[in-house]
$ cat target-v6.cif   # mmCIF, N, CA and C atoms
data_work
#
loop_
_atom_site.label_atom_id
_atom_site.label_comp_id
_atom_site.auth_asym_id
_atom_site.auth_seq_id
_atom_site.Cartn_x
_atom_site.Cartn_y
_atom_site.Cartn_z
N MET Y 256 12.71 -13.42 -25.35
CA MET Y 256 11.71 -13.27 -26.38
C MET Y 256 12.26 -12.54 -27.60
N LEU Y 257 13.31 -11.77 -27.44
CA LEU Y 257 13.83 -10.99 -28.55
C LEU Y 257 14.22 -11.83 -29.76
N PRO Y 258 14.90 -12.97 -29.58
CA PRO Y 258 15.22 -13.77 -30.77
C PRO Y 258 13.97 -14.25 -31.51
N PHE Y 259 12.92 -14.52 -30.78
CA PHE Y 259 11.69 -14.95 -31.43
C PHE Y 259 11.08 -13.84 -32.26
N PHE Y 260 11.16 -12.61 -31.77
CA PHE Y 260 10.64 -11.49 -32.54
C PHE Y 260 11.50 -11.22 -33.77
N LEU Y 261 12.80 -11.38 -33.62
CA LEU Y 261 13.69 -11.14 -34.76
C LEU Y 261 13.47 -12.14 -35.88
N PHE Y 262 13.20 -13.38 -35.54
CA PHE Y 262 13.00 -14.41 -36.56
C PHE Y 262 11.53 -14.65 -36.88
N ASP Y 263 10.65 -13.86 -36.27
CA ASP Y 263 9.22 -13.89 -36.57
C ASP Y 263 8.56 -15.24 -36.32
N THR Y 264 9.06 -15.97 -35.35
CA THR Y 264 8.43 -17.24 -34.96
C THR Y 264 8.38 -17.32 -33.44
N VAL Y 265 7.21 -17.15 -32.90
CA VAL Y 265 7.03 -17.24 -31.46
C VAL Y 265 6.06 -18.39 -31.19
N PRO Y 266 6.50 -19.40 -30.45
CA PRO Y 266 5.59 -20.50 -30.13
C PRO Y 266 4.39 -20.01 -29.32
N ASP Y 267 3.26 -20.64 -29.52
CA ASP Y 267 2.04 -20.25 -28.82
C ASP Y 267 2.17 -20.37 -27.32
N VAL Y 268 2.96 -21.32 -26.86
CA VAL Y 268 3.15 -21.50 -25.41
C VAL Y 268 3.81 -20.26 -24.80
N LEU Y 269 4.75 -19.66 -25.51
CA LEU Y 269 5.39 -18.46 -24.99
C LEU Y 269 4.42 -17.28 -24.94
N TRP Y 270 3.57 -17.15 -25.93
CA TRP Y 270 2.56 -16.09 -25.89
C TRP Y 270 1.62 -16.29 -24.71
N LEU Y 271 1.19 -17.52 -24.50
CA LEU Y 271 0.30 -17.79 -23.37
C LEU Y 271 0.99 -17.54 -22.03
N SER Y 272 2.26 -17.89 -21.95
CA SER Y 272 3.01 -17.63 -20.71
C SER Y 272 3.14 -16.14 -20.45
N LEU Y 273 3.40 -15.38 -21.50
CA LEU Y 273 3.52 -13.93 -21.35
C LEU Y 273 2.19 -13.32 -20.93
N LEU Y 274 1.12 -13.75 -21.55
CA LEU Y 274 -0.20 -13.25 -21.15
C LEU Y 274 -0.54 -13.64 -19.71
N GLY Y 275 -0.13 -14.84 -19.31
CA GLY Y 275 -0.35 -15.27 -17.93
C GLY Y 275 0.41 -14.41 -16.94
N LEU Y 276 1.66 -14.06 -17.26
CA LEU Y 276 2.44 -13.20 -16.37
C LEU Y 276 1.83 -11.81 -16.27
N VAL Y 277 1.39 -11.26 -17.39
CA VAL Y 277 0.76 -9.93 -17.35
C VAL Y 277 -0.54 -9.99 -16.55
N TYR Y 278 -1.29 -11.06 -16.69
CA TYR Y 278 -2.53 -11.22 -15.91
C TYR Y 278 -2.22 -11.31 -14.41
N LEU Y 279 -1.20 -12.07 -14.04
CA LEU Y 279 -0.82 -12.16 -12.63
C LEU Y 279 -0.35 -10.80 -12.10
N ALA Y 280 0.37 -10.06 -12.93
CA ALA Y 280 0.80 -8.72 -12.52
C ALA Y 280 -0.41 -7.82 -12.30
N TRP Y 281 -1.40 -7.91 -13.20
CA TRP Y 281 -2.59 -7.09 -13.04
C TRP Y 281 -3.34 -7.45 -11.75
N ILE Y 282 -3.40 -8.72 -11.42
CA ILE Y 282 -4.07 -9.12 -10.18
C ILE Y 282 -3.35 -8.52 -8.98
N GLU Y 283 -2.03 -8.52 -9.00
CA GLU Y 283 -1.27 -7.96 -7.87
C GLU Y 283 -1.48 -6.46 -7.73
N VAL Y 284 -1.38 -5.72 -8.83
CA VAL Y 284 -1.51 -4.26 -8.72
C VAL Y 284 -2.96 -3.85 -8.49
N ARG Y 285 -3.91 -4.67 -8.90
CA ARG Y 285 -5.32 -4.35 -8.71
C ARG Y 285 -5.67 -4.34 -7.22
N ARG Y 286 -4.99 -5.18 -6.43
CA ARG Y 286 -5.29 -5.26 -5.00
C ARG Y 286 -4.66 -4.13 -4.19
N GLU Y 287 -3.79 -3.33 -4.81
CA GLU Y 287 -3.18 -2.21 -4.11
C GLU Y 287 -4.15 -1.02 -4.16
N PRO Y 288 -4.64 -0.59 -3.00
CA PRO Y 288 -5.74 0.39 -3.00
C PRO Y 288 -5.35 1.81 -3.40
N ASP Y 289 -4.14 2.23 -3.10
CA ASP Y 289 -3.80 3.64 -3.28
C ASP Y 289 -2.89 3.90 -4.49
N LEU Y 290 -2.90 3.03 -5.47
CA LEU Y 290 -2.07 3.24 -6.66
C LEU Y 290 -2.88 3.93 -7.75
N LEU Y 291 -2.23 4.83 -8.45
CA LEU Y 291 -2.85 5.47 -9.60
C LEU Y 291 -2.94 4.48 -10.75
N ALA Y 292 -3.87 4.71 -11.64
CA ALA Y 292 -4.03 3.83 -12.80
C ALA Y 292 -2.78 3.84 -13.67
N GLN Y 293 -2.10 4.97 -13.74
CA GLN Y 293 -0.89 5.08 -14.54
C GLN Y 293 0.22 4.18 -13.97
N VAL Y 294 0.32 4.09 -12.66
CA VAL Y 294 1.33 3.23 -12.03
C VAL Y 294 0.99 1.76 -12.29
N LYS Y 295 -0.28 1.41 -12.21
CA LYS Y 295 -0.70 0.03 -12.48
C LYS Y 295 -0.36 -0.35 -13.92
N LEU Y 296 -0.65 0.55 -14.84
CA LEU Y 296 -0.34 0.30 -16.25
C LEU Y 296 1.16 0.19 -16.47
N TRP Y 297 1.94 1.04 -15.78
CA TRP Y 297 3.38 1.01 -15.91
C TRP Y 297 3.94 -0.35 -15.49
N TRP Y 298 3.46 -0.88 -14.37
CA TRP Y 298 3.95 -2.18 -13.91
C TRP Y 298 3.56 -3.29 -14.89
N CYS Y 299 2.34 -3.25 -15.40
CA CYS Y 299 1.92 -4.29 -16.35
C CYS Y 299 2.74 -4.21 -17.64
N LEU Y 300 3.03 -3.01 -18.11
CA LEU Y 300 3.87 -2.87 -19.31
C LEU Y 300 5.30 -3.33 -19.04
N LEU Y 301 5.82 -3.05 -17.85
CA LEU Y 301 7.16 -3.51 -17.52
C LEU Y 301 7.23 -5.03 -17.53
N VAL Y 302 6.22 -5.67 -16.97
CA VAL Y 302 6.18 -7.14 -16.99
C VAL Y 302 6.07 -7.64 -18.43
N PHE Y 303 5.28 -6.96 -19.25
CA PHE Y 303 5.14 -7.35 -20.65
C PHE Y 303 6.47 -7.24 -21.39
N LEU Y 304 7.23 -6.19 -21.10
CA LEU Y 304 8.47 -5.96 -21.84
C LEU Y 304 9.63 -6.83 -21.38
N VAL Y 305 9.77 -7.04 -20.08
CA VAL Y 305 10.94 -7.79 -19.60
C VAL Y 305 10.57 -9.13 -18.96
N ASN Y 306 9.31 -9.52 -19.04
CA ASN Y 306 8.83 -10.84 -18.65
C ASN Y 306 9.11 -11.18 -17.20
N LEU Y 307 9.82 -12.25 -16.95
CA LEU Y 307 10.01 -12.76 -15.59
C LEU Y 307 10.78 -11.79 -14.68
N PRO Y 308 11.86 -11.15 -15.13
CA PRO Y 308 12.53 -10.19 -14.22
C PRO Y 308 11.61 -9.04 -13.81
N GLY Y 309 10.76 -8.60 -14.71
CA GLY Y 309 9.80 -7.55 -14.37
C GLY Y 309 8.79 -8.02 -13.36
N TYR Y 310 8.34 -9.27 -13.48
CA TYR Y 310 7.38 -9.81 -12.52
C TYR Y 310 8.02 -9.99 -11.15
N VAL Y 311 9.27 -10.42 -11.12
CA VAL Y 311 9.98 -10.56 -9.84
C VAL Y 311 10.15 -9.19 -9.19
N ALA Y 312 10.50 -8.18 -9.98
CA ALA Y 312 10.63 -6.82 -9.44
C ALA Y 312 9.30 -6.33 -8.89
N LEU Y 313 8.22 -6.61 -9.59
CA LEU Y 313 6.89 -6.23 -9.12
C LEU Y 313 6.58 -6.90 -7.79
N MET Y 314 6.85 -8.18 -7.67
CA MET Y 314 6.54 -8.90 -6.44
C MET Y 314 7.36 -8.35 -5.26
N ILE Y 315 8.62 -8.02 -5.50
CA ILE Y 315 9.45 -7.44 -4.44
C ILE Y 315 8.90 -6.08 -4.03
N TRP Y 316 8.53 -5.26 -5.00
CA TRP Y 316 8.00 -3.92 -4.73
C TRP Y 316 6.70 -4.00 -3.94
N VAL Y 317 5.81 -4.90 -4.34
CA VAL Y 317 4.53 -5.06 -3.64
C VAL Y 317 4.76 -5.56 -2.22
N ALA Y 318 5.67 -6.50 -2.04
CA ALA Y 318 5.95 -7.02 -0.70
C ALA Y 318 6.50 -5.91 0.21
N LEU Y 319 7.39 -5.08 -0.32
CA LEU Y 319 7.93 -3.98 0.49
C LEU Y 319 6.85 -2.97 0.84
N ARG Y 320 5.97 -2.65 -0.10
CA ARG Y 320 4.86 -1.72 0.17
C ARG Y 320 3.95 -2.26 1.26
N ARG Y 321 3.64 -3.55 1.17
CA ARG Y 321 2.74 -4.14 2.16
C ARG Y 321 3.39 -4.21 3.53
N ARG Y 322 4.69 -4.48 3.57
CA ARG Y 322 5.39 -4.52 4.86
C ARG Y 322 5.42 -3.14 5.49
N ARG Y 323 5.72 -2.10 4.68
CA ARG Y 323 5.75 -0.74 5.22
C ARG Y 323 4.37 -0.31 5.71
N ARG Y 324 3.32 -0.69 4.97
CA ARG Y 324 1.97 -0.34 5.37
C ARG Y 324 1.61 -1.04 6.68
N ALA Y 325 2.02 -2.30 6.85
CA ALA Y 325 1.73 -3.04 8.07
C ALA Y 325 2.50 -2.43 9.26
N GLU Y 326 3.75 -2.03 9.03
CA GLU Y 326 4.52 -1.42 10.11
C GLU Y 326 3.94 -0.06 10.48
N GLY Y 327 3.44 0.68 9.50
CA GLY Y 327 2.81 1.97 9.78
C GLY Y 327 1.52 1.82 10.55
N ALA Y 328 0.80 0.74 10.29
CA ALA Y 328 -0.45 0.51 11.00
C ALA Y 328 -0.21 0.09 12.46
N ARG Y 329 0.89 -0.60 12.69
CA ARG Y 329 1.23 -1.03 14.06
C ARG Y 329 1.72 0.13 14.90
N ALA Y 330 2.43 1.05 14.29
CA ALA Y 330 3.04 2.14 15.08
C ALA Y 330 2.08 3.24 15.41
#

$ encode --input "target-v6.cif" --output "structure tokens"
Amino acid sequence: MLPFFLFDTVPDVLWLSLLGLVYLAWIEVRREPDLLAQVKLWWCLLVFLVNLPGYVALMIWVALRRRRRAEGARA
């Protein structure tokens, strides 16, 4: 996205894709019951700033949290 900001031309499809990724990130962090609002905002801003790599990092982090919670519930 950086070249688009430098040249001041961002196609509407890229804006919609970015908004879609941030919305998906919000849905994921919203379902986490014990997260502070600041942590939820941090993840959404990270996805906004680094786009797809940020969303992949969020998905990995959420999966690890859910796995640890499931293992803790079993033990």

$ atom_distance --input "target-v6.cif" --atom1 "atom N of Leu313 in chain Y" --atom2 "atom N of Ser272 in chain Y"
17.8 Å

$ resolve_selection --input "target-v6.cif" --expression "the PyMOL selection byres ((chain Y and resi 298) around 8)" --output "ChimeraX atom specification"
/Y:277,280-281,284,292-297,299-304,309-310,313

$ select_by_dssp --input "target-v6.cif" --residues "chain Y" --states "helix (DSSP H, G or I)" --output "NGL selection string"
:Y and (257-261 or 267-285 or 292-305 or 307-329)

$ atom_distance --input "target-v6.cif" --atom1 "CA of Val305 in chain Y" --atom2 "CA of Leu276 in chain Y"
10.6 Å

$ atom_distance --input "target-v6.cif" --atom1 "atom N of Leu279 in chain Y" --atom2 "CA of Arg322 in chain Y"
21.4 Å

$ axis_aligned_box --input "target-v6.cif" --around "range 298-310 of chain Y" --padding-each-side "6 Å" --output "JSON"
{"center_x": 7.2, "center_y": -6.8, "center_z": -16.5, "size_x": 22.6, "size_y": 23.9, "size_z": 22.7}

$ closest_residue --input "target-v6.cif" --among "Y:Glu326, Y:Glu283, Y:Asp289, Y:Asp263" --to "Val311 in chain Y" --atoms "only C-alpha atoms"
Y:Glu283

$ closest_residue --input "target-v6.cif" --among "Y:Phe262, Y:Trp270, Y:Glu287, Y:Arg329" --to "Val317 in chain Y" --atoms "only C-alpha atoms"
Y:Glu287

$ decode --input "target-v6.cif" --residues "chain Y" --atoms "C-alpha atoms" --output "PDB file, in the first residue's frame"
ATOM      1  CA  MET Y 256       0.000   0.000   0.000  1.00  0.00           C
ATOM      2  CA  LEU Y 257       2.917   2.370   0.552  1.00  0.00           C
ATOM      3  CA  PRO Y 258       3.471   3.141  -3.156  1.00  0.00           C
ATOM      4  CA  PHE Y 259      -0.196   4.023  -3.475  1.00  0.00           C
ATOM      5  CA  PHE Y 260       0.041   6.472  -0.599  1.00  0.00           C
ATOM      6  CA  LEU Y 261       3.201   8.016  -2.015  1.00  0.00           C
ATOM      7  CA  PHE Y 262       1.607   8.642  -5.399  1.00  0.00           C
ATOM      8  CA  ASP Y 263      -1.779   9.585  -3.904  1.00  0.00           C
ATOM      9  CA  THR Y 264      -3.754   7.088  -5.981  1.00  0.00           C
ATOM     10  CA  VAL Y 265      -5.334   4.157  -4.203  1.00  0.00           C
ATOM     11  CA  PRO Y 266      -7.863   2.072  -6.133  1.00  0.00           C
ATOM     12  CA  ASP Y 267     -11.221   1.671  -4.413  1.00  0.00           C
ATOM     13  CA  VAL Y 268     -10.845  -2.112  -4.461  1.00  0.00           C
ATOM     14  CA  LEU Y 269      -7.761  -1.869  -2.247  1.00  0.00           C
ATOM     15  CA  TRP Y 270      -9.577   0.354   0.251  1.00  0.00           C
ATOM     16  CA  LEU Y 271     -12.456  -2.106   0.381  1.00  0.00           C
ATOM     17  CA  SER Y 272     -10.047  -5.019   0.831  1.00  0.00           C
ATOM     18  CA  LEU Y 273      -8.302  -3.221   3.678  1.00  0.00           C
ATOM     19  CA  LEU Y 274     -11.594  -2.434   5.375  1.00  0.00           C
ATOM     20  CA  GLY Y 275     -12.638  -6.065   4.933  1.00  0.00           C
ATOM     21  CA  LEU Y 276      -9.448  -7.304   6.598  1.00  0.00           C
ATOM     22  CA  VAL Y 277      -9.877  -4.924   9.529  1.00  0.00           C
ATOM     23  CA  TYR Y 278     -13.501  -6.046   9.881  1.00  0.00           C
ATOM     24  CA  LEU Y 279     -12.455  -9.721   9.894  1.00  0.00           C
ATOM     25  CA  ALA Y 280      -9.801  -8.918  12.499  1.00  0.00           C
ATOM     26  CA  TRP Y 281     -12.420  -7.200  14.650  1.00  0.00           C
ATOM     27  CA  ILE Y 282     -14.688 -10.241  14.416  1.00  0.00           C
ATOM     28  CA  GLU Y 283     -11.847 -12.499  15.586  1.00  0.00           C
ATOM     29  CA  VAL Y 284     -10.791 -10.367  18.551  1.00  0.00           C
ATOM     30  CA  ARG Y 285     -14.404  -9.659  19.522  1.00  0.00           C
ATOM     31  CA  ARG Y 286     -14.955 -13.372  20.195  1.00  0.00           C
ATOM     32  CA  GLU Y 287     -12.032 -13.521  22.643  1.00  0.00           C
ATOM     33  CA  PRO Y 288     -13.666 -13.113  26.060  1.00  0.00           C
ATOM     34  CA  ASP Y 289     -10.741 -12.088  28.260  1.00  0.00           C
ATOM     35  CA  LEU Y 290      -8.997  -9.481  26.083  1.00  0.00           C
ATOM     36  CA  LEU Y 291      -8.771  -5.856  27.090  1.00  0.00           C
ATOM     37  CA  ALA Y 292     -10.186  -3.273  24.705  1.00  0.00           C
ATOM     38  CA  GLN Y 293      -6.681  -1.863  24.235  1.00  0.00           C
ATOM     39  CA  VAL Y 294      -5.396  -5.243  23.009  1.00  0.00           C
ATOM     40  CA  LYS Y 295      -8.326  -5.562  20.588  1.00  0.00           C
ATOM     41  CA  LEU Y 296      -7.615  -2.095  19.226  1.00  0.00           C
ATOM     42  CA  TRP Y 297      -3.904  -2.889  18.951  1.00  0.00           C
ATOM     43  CA  TRP Y 298      -4.578  -5.953  16.803  1.00  0.00           C
ATOM     44  CA  CYS Y 299      -6.995  -4.071  14.547  1.00  0.00           C
ATOM     45  CA  LEU Y 300      -4.475  -1.252  14.072  1.00  0.00           C
ATOM     46  CA  LEU Y 301      -1.720  -3.763  13.318  1.00  0.00           C
ATOM     47  CA  VAL Y 302      -3.881  -5.335  10.622  1.00  0.00           C
ATOM     48  CA  PHE Y 303      -4.653  -1.862   9.266  1.00  0.00           C
ATOM     49  CA  LEU Y 304      -0.970  -0.934   9.097  1.00  0.00           C
ATOM     50  CA  VAL Y 305       0.574  -4.118   7.706  1.00  0.00           C
ATOM     51  CA  ASN Y 306      -2.483  -5.644   5.997  1.00  0.00           C
ATOM     52  CA  LEU Y 307      -2.234  -9.355   5.205  1.00  0.00           C
ATOM     53  CA  PRO Y 308       0.875 -10.196   7.310  1.00  0.00           C
ATOM     54  CA  GLY Y 309      -0.808  -8.586  10.311  1.00  0.00           C
ATOM     55  CA  TYR Y 310      -3.973 -10.599   9.733  1.00  0.00           C
ATOM     56  CA  VAL Y 311      -1.973 -13.835   9.426  1.00  0.00           C
ATOM     57  CA  ALA Y 312      -0.153 -13.000  12.682  1.00  0.00           C
ATOM     58  CA  LEU Y 313      -3.503 -12.353  14.357  1.00  0.00           C
ATOM     59  CA  MET Y 314      -4.912 -15.675  13.179  1.00  0.00           C
ATOM     60  CA  ILE Y 315      -1.846 -17.565  14.451  1.00  0.00           C
ATOM     61  CA  TRP Y 316      -2.025 -15.770  17.814  1.00  0.00           C
ATOM     62  CA  VAL Y 317      -5.749 -16.480  18.211  1.00  0.00           C
ATOM     63  CA  ALA Y 318      -5.279 -20.142  17.273  1.00  0.00           C
ATOM     64  CA  LEU Y 319      -2.507 -20.543  19.862  1.00  0.00           C
ATOM     65  CA  ARG Y 320      -4.621 -18.852  22.555  1.00  0.00           C
ATOM     66  CA  ARG Y 321      -7.571 -21.108  21.810  1.00  0.00           C
ATOM     67  CA  ARG Y 322      -5.398 -24.232  21.821  1.00  0.00           C
ATOM     68  CA  ARG Y 323      -3.846 -23.295  25.177  1.00  0.00           C
ATOM     69  CA  ARG Y 324      -7.283 -22.549  26.627  1.00  0.00           C
ATOM     70  CA  ALA Y 325      -8.594 -25.923  25.400  1.00  0.00           C
ATOM     71  CA  GLU Y 326      -5.589 -27.762  26.867  1.00  0.00           C
ATOM     72  CA  GLY Y 327      -6.050 -25.927  30.172  1.00  0.00           C
ATOM     73  CA  ALA Y 328      -9.700 -26.918  30.283  1.00  0.00           C
ATOM     74  CA  ARG Y 329      -8.858 -30.588  29.683  1.00  0.00           C
ATOM     75  CA  ALA Y 330      -6.177 -30.756  32.362  1.00  0.00           C
TER      76      ALA Y 330
END
